[in-house]
file coords.cif (mmCIF, C-alpha atoms and all ligand atoms)
data_data
loop_
_atom_site.label_atom_id
_atom_site.label_comp_id
_atom_site.auth_asym_id
_atom_site.auth_seq_id
_atom_site.Cartn_x
_atom_site.Cartn_y
_atom_site.Cartn_z
CA MET A 805 67.26 -159.64 -283.72
CA THR A 806 66.20 -156.47 -285.54
CA LYS A 807 64.88 -153.71 -283.31
CA ALA A 808 61.31 -152.95 -284.51
CA LEU A 809 61.28 -149.17 -284.13
CA PHE A 810 57.63 -148.89 -285.29
CA LEU A 811 56.46 -150.66 -282.12
CA GLY A 812 57.74 -147.83 -279.95
CA ASP A 813 56.89 -145.00 -282.35
CA SER A 814 54.62 -145.65 -285.31
CA TYR A 815 55.18 -142.06 -286.55
CA LEU A 816 58.87 -142.54 -287.35
CA GLN A 817 59.26 -141.90 -291.09
CA GLU A 818 63.06 -141.94 -291.29
CA SER A 819 65.86 -143.72 -289.49
CA SER A 820 69.45 -144.78 -289.79
CA ALA A 821 70.38 -148.46 -289.75
CA THR A 822 73.22 -150.90 -290.33
CA VAL A 823 72.92 -153.87 -292.68
CA VAL A 824 73.38 -157.10 -290.71
CA SER A 825 72.74 -159.63 -293.47
CA VAL A 826 72.02 -159.87 -297.20
CA LYS A 827 70.63 -162.95 -298.92
CA ASP A 828 70.61 -163.44 -302.71
CA GLY A 829 71.63 -159.82 -303.12
CA LYS A 830 68.24 -158.36 -302.33
CA TYR A 831 66.86 -159.68 -299.03
CA VAL A 832 68.23 -157.36 -296.42
CA VAL A 833 68.13 -157.54 -292.63
CA LEU A 834 68.91 -154.40 -290.62
CA ASP A 835 69.90 -153.87 -287.00
CA GLN A 836 66.81 -151.68 -286.56
CA THR A 837 63.91 -150.85 -288.81
CA ILE A 838 60.92 -148.55 -289.33
CA PHE A 839 59.46 -150.95 -291.93
CA TYR A 840 56.47 -153.03 -290.84
CA ALA A 841 56.57 -156.62 -292.10
CA LYS A 842 53.35 -158.02 -293.55
CA GLY A 843 51.36 -159.77 -290.86
CA GLY A 844 48.33 -159.66 -288.58
CA GLY A 845 46.13 -158.49 -291.46
CA GLN A 846 48.31 -155.44 -292.12
CA PRO A 847 50.22 -155.14 -295.42
CA CYS A 848 53.94 -154.41 -295.34
CA ASP A 849 55.46 -150.98 -295.66
CA THR A 850 57.30 -149.84 -298.73
CA GLY A 851 59.90 -147.09 -299.07
CA LYS A 852 63.62 -146.64 -299.61
CA ILE A 853 66.93 -147.74 -298.19
CA ILE A 854 69.60 -145.24 -299.17
CA LYS A 855 73.34 -145.91 -299.11
CA ASP A 856 75.43 -142.82 -299.88
CA LYS A 857 73.45 -141.54 -302.87
CA GLU A 858 72.22 -144.90 -304.13
CA VAL A 859 68.52 -145.58 -303.64
CA PHE A 860 67.29 -149.14 -303.09
CA ASN A 861 63.52 -149.32 -303.32
CA VAL A 862 61.93 -151.53 -300.67
CA VAL A 863 59.30 -153.50 -302.56
CA TYR A 864 58.29 -156.03 -299.89
CA VAL A 865 58.90 -156.61 -296.20
CA GLY A 866 58.24 -159.99 -294.63
CA LYS A 867 59.06 -161.88 -291.48
CA PHE A 868 61.10 -165.03 -292.06
CA SER A 869 62.33 -167.21 -289.18
CA GLY A 870 61.54 -164.34 -286.85
CA GLU A 871 63.65 -161.84 -288.82
CA ILE A 872 62.28 -158.78 -290.61
CA SER A 873 63.54 -159.07 -294.19
CA HIS A 874 63.46 -156.13 -296.62
CA GLU A 875 63.31 -157.04 -300.30
CA VAL A 876 65.00 -154.34 -302.37
CA ASP A 877 64.77 -153.83 -306.13
CA HIS A 878 68.44 -154.44 -306.90
CA ALA A 879 71.59 -155.89 -305.43
CA GLY A 880 74.43 -153.84 -303.97
CA LEU A 881 73.90 -153.62 -300.23
CA GLN A 882 76.49 -155.37 -298.08
CA ILE A 883 76.91 -156.41 -294.48
CA GLY A 884 78.08 -153.50 -292.36
CA ASP A 885 76.73 -150.79 -294.70
CA LYS A 886 75.41 -147.72 -292.92
CA VAL A 887 72.13 -146.79 -294.54
CA HIS A 888 69.28 -144.34 -294.26
CA CYS A 889 65.69 -145.63 -294.33
CA SER A 890 62.67 -143.70 -295.48
CA LEU A 891 59.05 -144.91 -295.46
CA ASN A 892 56.36 -144.42 -298.05
CA TRP A 893 54.59 -142.41 -295.39
CA PRO A 894 51.24 -141.62 -297.12
CA ARG A 895 50.70 -145.37 -297.60
CA ARG A 896 51.69 -146.27 -294.03
CA TYR A 897 49.68 -143.43 -292.44
CA LYS A 898 46.57 -144.50 -294.30
CA LEU A 899 47.12 -148.07 -293.10
CA MET A 900 47.54 -146.81 -289.53
CA ARG A 901 44.25 -144.94 -289.78
CA SER A 902 42.30 -147.81 -291.30
CA HIS A 903 43.90 -150.34 -288.94
CA THR A 904 42.81 -148.29 -285.93
CA ALA A 905 39.34 -147.83 -287.46
CA ALA A 906 39.11 -151.61 -287.85
CA HIS A 907 39.68 -152.07 -284.11
CA VAL A 908 36.88 -149.67 -283.25
CA ILE A 909 34.41 -151.20 -285.70
CA ALA A 910 35.25 -154.76 -284.59
CA ALA A 911 34.84 -153.80 -280.93
CA LEU A 912 31.48 -152.10 -281.56
CA LEU A 913 30.17 -155.00 -283.64
CA HIS A 914 31.32 -157.46 -281.02
CA LYS A 915 29.75 -155.51 -278.16
CA GLY A 916 26.58 -154.66 -280.05
CA THR A 917 25.83 -158.00 -281.70
CA GLY A 918 28.09 -160.62 -280.14
CA ALA A 919 29.66 -161.15 -283.58
CA LEU A 920 33.06 -162.79 -283.61
CA ILE A 921 35.56 -161.42 -286.08
CA THR A 922 36.92 -164.39 -288.01
CA GLY A 923 39.17 -162.55 -290.43
CA ASN A 924 40.35 -159.11 -291.37
CA GLN A 925 42.54 -157.79 -294.14
CA LEU A 926 43.66 -154.22 -294.62
CA GLU A 927 44.35 -153.03 -298.13
CA GLU A 928 45.55 -149.62 -299.19
CA ASP A 929 42.07 -148.52 -300.25
CA HIS A 930 39.72 -150.60 -298.12
CA VAL A 931 39.35 -152.91 -295.13
CA ARG A 932 37.71 -156.30 -295.26
CA PHE A 933 36.13 -157.98 -292.25
CA ASP A 934 34.71 -161.45 -291.91
CA PHE A 935 32.55 -162.15 -288.93
CA SER A 936 30.23 -164.80 -287.71
CA LEU A 937 26.69 -163.64 -286.98
CA GLU A 938 23.46 -165.52 -287.46
CA LYS A 939 21.10 -162.62 -287.97
CA PHE A 940 22.52 -160.11 -290.38
CA ASP A 941 20.80 -156.80 -290.41
CA ARG A 942 22.09 -153.94 -292.47
CA THR A 943 20.52 -151.34 -290.17
CA ILE A 944 22.52 -152.74 -287.22
CA LEU A 945 25.67 -152.49 -289.29
CA GLU A 946 24.88 -148.92 -290.34
CA ALA A 947 24.13 -147.99 -286.73
CA ASN A 948 27.49 -149.37 -285.60
CA LEU A 949 29.32 -147.51 -288.34
CA ALA A 950 27.53 -144.31 -287.34
CA LYS A 951 28.68 -144.90 -283.75
CA ALA A 952 32.21 -145.50 -285.00
CA ASN A 953 32.12 -142.25 -286.97
CA GLU A 954 31.05 -140.39 -283.83
CA LEU A 955 34.11 -141.80 -282.07
CA PHE A 956 36.32 -140.80 -285.03
CA ALA A 957 35.19 -137.23 -284.49
CA SER A 958 36.09 -137.25 -280.80
CA ASP A 959 39.24 -136.94 -278.78
CA VAL A 960 40.03 -140.55 -277.83
CA SER A 961 43.63 -141.56 -277.33
CA VAL A 962 45.25 -144.80 -278.38
CA LYS A 963 48.07 -146.16 -276.22
CA SER A 964 50.34 -149.16 -276.33
CA TYR A 965 52.19 -150.88 -273.51
CA GLU A 966 53.44 -154.27 -272.46
CA LEU A 967 51.67 -156.71 -270.13
CA SER A 968 52.53 -160.16 -268.89
CA ARG A 969 50.64 -162.92 -270.67
CA GLU A 970 48.84 -163.68 -267.40
CA GLU A 971 47.58 -160.09 -267.07
CA ALA A 972 46.67 -159.91 -270.76
CA MET A 973 44.56 -163.06 -270.46
CA LYS A 974 42.27 -161.24 -268.02
CA ILE A 975 41.23 -158.62 -270.59
CA PRO A 976 37.83 -159.48 -272.05
CA GLY A 977 37.96 -159.61 -275.85
CA VAL A 978 41.74 -159.23 -275.91
CA VAL A 979 41.86 -161.07 -279.23
CA ILE A 980 38.69 -159.89 -281.03
CA LEU A 981 40.59 -158.75 -284.08
CA ALA A 982 43.60 -161.01 -283.81
CA GLU A 983 43.75 -164.67 -284.55
CA ALA A 984 41.49 -165.61 -281.61
CA PHE A 985 44.43 -166.85 -279.60
CA LEU A 986 47.23 -165.06 -277.81
CA PRO A 987 50.76 -165.47 -279.14
CA ASP A 988 52.82 -167.74 -276.93
CA LEU A 989 55.03 -165.01 -275.49
CA PRO A 990 55.70 -164.15 -271.85
CA VAL A 991 55.13 -160.43 -272.50
CA LEU A 992 52.53 -159.07 -274.91
CA ARG A 993 52.12 -155.69 -276.49
CA ILE A 994 48.69 -154.32 -275.72
CA VAL A 995 47.02 -151.62 -277.81
CA GLU A 996 44.35 -149.72 -275.91
CA ILE A 997 41.81 -147.43 -277.49
CA VAL A 998 40.69 -145.77 -274.31
CA GLY A 999 37.17 -146.83 -273.36
CA VAL A 1000 36.67 -148.78 -276.60
CA ASP A 1001 39.04 -151.70 -277.05
CA ARG A 1002 42.13 -153.41 -275.65
CA GLU A 1003 43.91 -156.06 -277.67
CA ALA A 1004 47.20 -157.88 -277.96
CA ASP A 1005 48.60 -156.45 -281.18
CA GLY A 1006 51.86 -155.86 -283.03
CA GLY A 1007 50.53 -153.48 -285.69
CA THR A 1008 50.79 -149.73 -286.21
CA HIS A 1009 48.05 -147.38 -285.02
CA VAL A 1010 47.31 -143.66 -284.83
CA LYS A 1011 47.59 -141.87 -281.47
CA ASN A 1012 44.12 -140.39 -281.48
CA LEU A 1013 40.84 -141.45 -283.12
CA LYS A 1014 40.46 -137.90 -284.47
CA GLU A 1015 43.10 -138.73 -287.08
CA ILE A 1016 40.83 -141.27 -288.75
CA GLY A 1017 38.16 -138.94 -290.09
CA LYS A 1018 35.11 -140.74 -291.45
CA VAL A 1019 34.62 -144.27 -292.73
CA GLU A 1020 31.97 -145.56 -295.07
CA LEU A 1021 30.53 -148.94 -295.89
CA VAL A 1022 31.53 -150.15 -299.36
CA ARG A 1023 29.56 -153.38 -299.56
CA THR A 1024 28.45 -156.47 -297.66
CA GLU A 1025 28.40 -160.13 -298.65
CA ASN A 1026 26.93 -163.28 -297.18
CA LYS A 1027 29.49 -166.07 -297.21
CA GLY A 1028 27.35 -168.92 -295.95
CA LYS A 1029 25.09 -169.55 -293.00
CA ASN A 1030 26.73 -167.46 -290.28
CA ASN A 1031 29.57 -165.92 -292.21
CA ARG A 1032 29.34 -162.28 -293.18
CA ARG A 1033 31.82 -160.12 -294.99
CA ILE A 1034 31.91 -156.33 -295.04
CA TYR A 1035 34.14 -153.88 -296.82
CA PHE A 1036 34.63 -150.35 -295.59
CA LYS A 1037 36.96 -147.51 -296.44
CA LEU A 1038 38.25 -144.21 -295.19
CA ASN A 1039 36.49 -141.20 -296.64
CA GLN A 1040 39.83 -139.65 -297.52
ZN ZN A 1101 45.91 -153.31 -284.26
#
call {"tool": "encode", "arguments": {"input": "coords.cif", "output": "structure tokens", "more": "lines below"}}
Ligand SMILES: [Zn+2]
result
Amino acid sequence: MTKALFLGDSYLQESSATVVSVKDGKYVVLDQTIFYAKGGGQPCDTGKIIKDKEVFNVVYVGKFSGEISHEVDHAGLQIGDKVHCSLNWPRRYKLMRSHTAAHVIAALLHKGTGALITGNQLEEDHVRFDFSLEKFDRTILEANLAKANELFASDVSVKSYELSREEAMKIPGVVILAEAFLPDLPVLRIVEIVGVDREADGGTHVKNLKEIGKVELVRTENKGKNNRRIYFKLNQ
């Protein structure tokens, strides 16, 4: 099983690794990786795997049968190769910031309106949320975003740690942003935005809300009786 280095340190931009398998020449599994595989509403990382002086661009990273698989742009890597990995850091850092912002906004909306988040998708330039709420009032939404922006200007730390499933189940709203159920694992990774939100989560986040800056509403849509959709983005 590949060691997912980003779970312990989401700020790692470079690492060494050893190739443990290669399928069809371009689907590569490593013994350890800094690359996040697409999942949980967060897009995959991109970047480079470098062997000696040869650069293999990582164009997609997915999880298949529990393994993190890196799709590279050409064949040539072989089992046992010692490689150097390097992330497209501006892309990942932006995703970390908007992912963390999404937690805060979901938690505020949930607390303030009782809305349940039914879907979320991060993109490089915006975040999309679906939530279920009968009465949809733009002023409430604006007020929650203003509250979120106040938090993004303050010193609030974000921590992650492991809890037993039993302990995790006791956290109210532990799956607001996730799939509304807890993964069937004995130990869960909890991401805590101190005083704001605690969720079971395998994504990458910033360490402090200050790193987010400001967010702004892009647009809203009604998707049926109780289904609302909003798009927001980072100011920079
Ligand atoms: Zn998260």
call {"tool": "residues_near_ligand", "arguments": {"input": "coords.cif", "ligand": "ligand ZN 1101 (chain A)", "cutoff": "6 Å", "atoms": "all atoms listed in the file", "output": "PyMOL selection string"}}
result
chain A and resi 903+1005+1007
call {"tool": "write_last_selection", "arguments": {"input": "coords.cif", "atoms": "C-alpha atoms", "output": "mmCIF file, in the coordinates of the input"}}
result
data_model
loop_
_atom_site.group_PDB
_atom_site.id
_atom_site.type_symbol
_atom_site.label_atom_id
_atom_site.label_comp_id
_atom_site.auth_asym_id
_atom_site.auth_seq_id
_atom_site.Cartn_x
_atom_site.Cartn_y
_atom_site.Cartn_z
ATOM 1 C CA HIS A 903 43.900 -150.340 -288.940
ATOM 2 C CA ASP A 1005 48.600 -156.450 -281.180
ATOM 3 C CA GLY A 1007 50.530 -153.480 -285.690
#
call {"tool": "residues_around", "arguments": {"input": "coords.cif", "residues": "A:Ser820", "least_positions_apart": "4", "cutoff": "10 Å", "atoms": "all atoms listed in the file", "output": "MDAnalysis selection string"}}
result
chainID A and resid 834:838 853:854 886:890
call {"tool": "closest_residue", "arguments": {"input": "coords.cif", "among": "A:Asn948, A:Ser902, A:Asn1031, A:Ser869", "to": "A:Gln925", "atoms": "only C-alpha atoms"}}
result
A:Ser902
call {"tool": "atom_distance", "arguments": {"input": "coords.cif", "atom1": "atom CA of A:Val1022", "atom2": "atom CA of A:Leu955"}}
result
19.4 Å
call {"tool": "axis_aligned_box", "arguments": {"input": "coords.cif", "around": "stretch 907-912 of chain A", "padding_each_side": "5 Å", "output": "JSON"}}
result
{"center_x": 35.6, "center_y": -152.2, "center_z": -283.3, "size_x": 18.2, "size_y": 15.1, "size_z": 14.8}
call {"tool": "closest_residue", "arguments": {"input": "coords.cif", "among": "A:Glu954, A:Asp877, A:Glu858, A:Glu966", "to": "A:Val995", "atoms": "all atoms listed in the file"}}
result
A:Glu966
call {"tool": "atom_distance", "arguments": {"input": "coords.cif", "atom1": "atom CA of A:Ile975", "atom2": "atom CA of A:Phe1036"}}
result
27.1 Å
call {"tool": "closest_residue", "arguments": {"input": "coords.cif", "among": "A:Arg993, A:Arg896, A:Lys1037, A:Lys951", "to": "A:Ser968", "atoms": "only C-alpha atoms"}}
result
A:Arg993
call {"tool": "residues_around", "arguments": {"input": "coords.cif", "residues": "stretch 823-829 of chain A", "least_positions_apart": "2", "cutoff": "8 Å", "atoms": "all atoms listed in the file", "output": "list of chain:residue names"}}
result
A:Ala821, A:Tyr831, A:Val832, A:Val833, A:Leu834, A:Asp835, A:His878, A:Ala879, A:Gly880, A:Leu881, A:Gln882, A:Ile883, A:Gly884, A:Asp885, A:Lys886, A:Val887
call {"tool": "atom_distance", "arguments": {"input": "coords.cif", "atom1": "atom CA of A:Lys857", "atom2": "atom CA of A:Thr806"}}
result
24.0 Å
call {"tool": "closest_residue", "arguments": {"input": "coords.cif", "among": "A:Arg942, A:His874, A:Lys1018, A:Lys974", "to": "A:Lys852", "atoms": "only C-alpha atoms"}}
result
A:His874
call {"tool": "build_atoms", "arguments": {"input": "coords.cif", "residues": "stretch 805-825 of chain A", "atoms": "N, CA, C and O atoms", "output": "compact mmCIF listing (two decimals), keeping the file's coordinate frame"}}
result
# COMPACT_ATOMS: atom_id res chain seq x y z
N MET A 805 68.66 -159.95 -283.45
CA MET A 805 67.26 -159.64 -283.72
C MET A 805 67.10 -158.15 -284.04
O MET A 805 67.61 -157.30 -283.33
N THR A 806 66.41 -157.86 -285.12
CA THR A 806 66.20 -156.47 -285.54
C THR A 806 65.34 -155.73 -284.53
O THR A 806 64.31 -156.25 -284.08
N LYS A 807 65.72 -154.53 -284.18
CA LYS A 807 64.88 -153.71 -283.31
C LYS A 807 63.73 -153.12 -284.15
O LYS A 807 63.98 -152.41 -285.13
N ALA A 808 62.49 -153.43 -283.77
CA ALA A 808 61.31 -152.95 -284.51
C ALA A 808 60.91 -151.57 -284.00
O ALA A 808 60.15 -151.44 -283.04
N LEU A 809 61.47 -150.53 -284.64
CA LEU A 809 61.28 -149.17 -284.13
C LEU A 809 59.81 -148.73 -284.17
O LEU A 809 59.37 -147.93 -283.37
N PHE A 810 59.04 -149.30 -285.15
CA PHE A 810 57.63 -148.89 -285.29
C PHE A 810 56.79 -149.29 -284.10
O PHE A 810 55.72 -148.73 -283.88
N LEU A 811 57.25 -150.26 -283.30
CA LEU A 811 56.46 -150.66 -282.12
C LEU A 811 56.50 -149.57 -281.05
O LEU A 811 55.51 -149.36 -280.35
N GLY A 812 57.62 -148.90 -280.94
CA GLY A 812 57.74 -147.83 -279.95
C GLY A 812 57.18 -146.51 -280.47
O GLY A 812 56.61 -145.73 -279.71
N ASP A 813 57.36 -146.25 -281.76
CA ASP A 813 56.89 -145.00 -282.35
C ASP A 813 56.45 -145.25 -283.79
O ASP A 813 57.27 -145.33 -284.69
N SER A 814 55.14 -145.34 -283.98
CA SER A 814 54.62 -145.65 -285.31
C SER A 814 54.69 -144.44 -286.25
O SER A 814 54.38 -144.55 -287.43
N TYR A 815 55.10 -143.28 -285.71
CA TYR A 815 55.18 -142.06 -286.55
C TYR A 815 56.58 -141.82 -287.10
O TYR A 815 56.80 -140.82 -287.77
N LEU A 816 57.52 -142.70 -286.80
CA LEU A 816 58.87 -142.54 -287.35
C LEU A 816 58.84 -142.77 -288.86
O LEU A 816 58.44 -143.83 -289.32
N GLN A 817 59.28 -141.78 -289.62
CA GLN A 817 59.26 -141.90 -291.09
C GLN A 817 60.65 -142.14 -291.66
O GLN A 817 60.80 -142.53 -292.81
N GLU A 818 61.67 -141.83 -290.84
CA GLU A 818 63.06 -141.94 -291.29
C GLU A 818 63.89 -142.55 -290.16
O GLU A 818 63.59 -142.33 -288.99
N SER A 819 64.92 -143.27 -290.53
CA SER A 819 65.86 -143.72 -289.49
C SER A 819 67.17 -144.11 -290.14
O SER A 819 67.25 -144.33 -291.35
N SER A 820 68.19 -144.22 -289.31
CA SER A 820 69.45 -144.78 -289.79
C SER A 820 69.43 -146.26 -289.43
O SER A 820 68.62 -146.69 -288.60
N ALA A 821 70.29 -147.04 -290.06
CA ALA A 821 70.38 -148.46 -289.75
C ALA A 821 71.69 -149.00 -290.29
O ALA A 821 72.36 -148.35 -291.10
N THR A 822 72.04 -150.19 -289.83
CA THR A 822 73.22 -150.90 -290.33
C THR A 822 72.75 -152.24 -290.90
O THR A 822 71.92 -152.91 -290.30
N VAL A 823 73.28 -152.58 -292.06
CA VAL A 823 72.92 -153.87 -292.68
C VAL A 823 73.58 -155.00 -291.90
O VAL A 823 74.79 -154.98 -291.69
N VAL A 824 72.79 -155.96 -291.45
CA VAL A 824 73.38 -157.10 -290.71
C VAL A 824 73.43 -158.39 -291.53
O VAL A 824 74.22 -159.27 -291.24
N SER A 825 72.57 -158.50 -292.57
CA SER A 825 72.74 -159.63 -293.47
C SER A 825 72.09 -159.35 -294.81
O SER A 825 71.17 -158.53 -294.90
